[in-house]
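S.K.: The following block contains the structure, expressed as structure tokens.
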Amino acid sequence: MEQPWFQVVLTIFSSVLASSGLWAYLQKRSEQKDVKTEMLIGLAHDRIMYLGMQYIDRGYVTQDEYENLRVYLYEPYERMGGNGSAKRVMQEVDKLPIHKFIEQEDEHNEHE
């Protein structure tokens, strides 16, 4: 024999689940997450492009710079669905020689 409180709880639970308000709330949360994801992809893309072009123009990349760009920016960017021009820049960075440290300009040029 069912208890009346159980029927009341079940009715309330079913009503909330079926309500358009709940589904609208869940959809809005999903859309906000999508916007945040798009923003993160955009920020990562911008940073990958900026740093990658800096390294390409310089002609080499340090081990720390490469790890930062590859592991902490590009790989998560790619997993989130990013691609395109950032992928091409990363492919060019992959071809650069890796140095231990940033090379200093000629001290002679600094005194001129």
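Following the order of the structure tokens, chains are lettered A, B, ..., residues in each are numbered from 1, and ligands are numbered from 1.
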Got a sec: who's within 8 Å of A:Leu69, counting only C-alpha atoms, leaving out chain neighbours fewer than 6 positions off, as a PyMOL selection string?
M.R.: chain A and resi 48+51-52
S.K.: Please save N, CA and C atoms of the selected residues as a CSV table (one decimal), in the first residue's frame.
M.R.:
chain,number,residue,atom,x,y,z
A,48,ILE,N,48.1,31.5,-29.2
A,48,ILE,CA,48.9,30.6,-30.1
A,48,ILE,C,49.4,31.4,-31.3
A,51,LEU,N,52.1,34.1,-30.0
A,51,LEU,CA,53.4,33.6,-29.6
A,51,LEU,C,54.0,32.8,-30.7
A,52,GLY,N,53.3,32.0,-31.4
A,52,GLY,CA,53.8,31.2,-32.6
A,52,GLY,C,54.5,32.1,-33.6
S.K.: Would you pick out the contacts of A:Lys100 at 10 Å or less, using only C-alpha atoms, so that residues sharing its chain but fewer than 4 positions from it are not included, and give the list as a list in words?
M.R.: Val61, Thr62, Gln63, Asp64 and Glu65 of chain A
S.K.: Contacts of A:Leu43 at 12 Å or less, counting only C-alpha atoms, minus same-chain residues fewer than 4 places along, as a list in words?
M.R.: Lys36, Thr37, Glu38, Met39, Arg47, Ile48, Met49, Tyr50, Leu73, Tyr74, Pro76, Tyr77, Gly82 and Ala86 of chain A
S.K.: Find the distance between atom CA of A:Asp57 and atom CA of A:Arg88 and write it in Å to one decimal.
M.R.: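 These atoms are spaced 14.7 Å apart.
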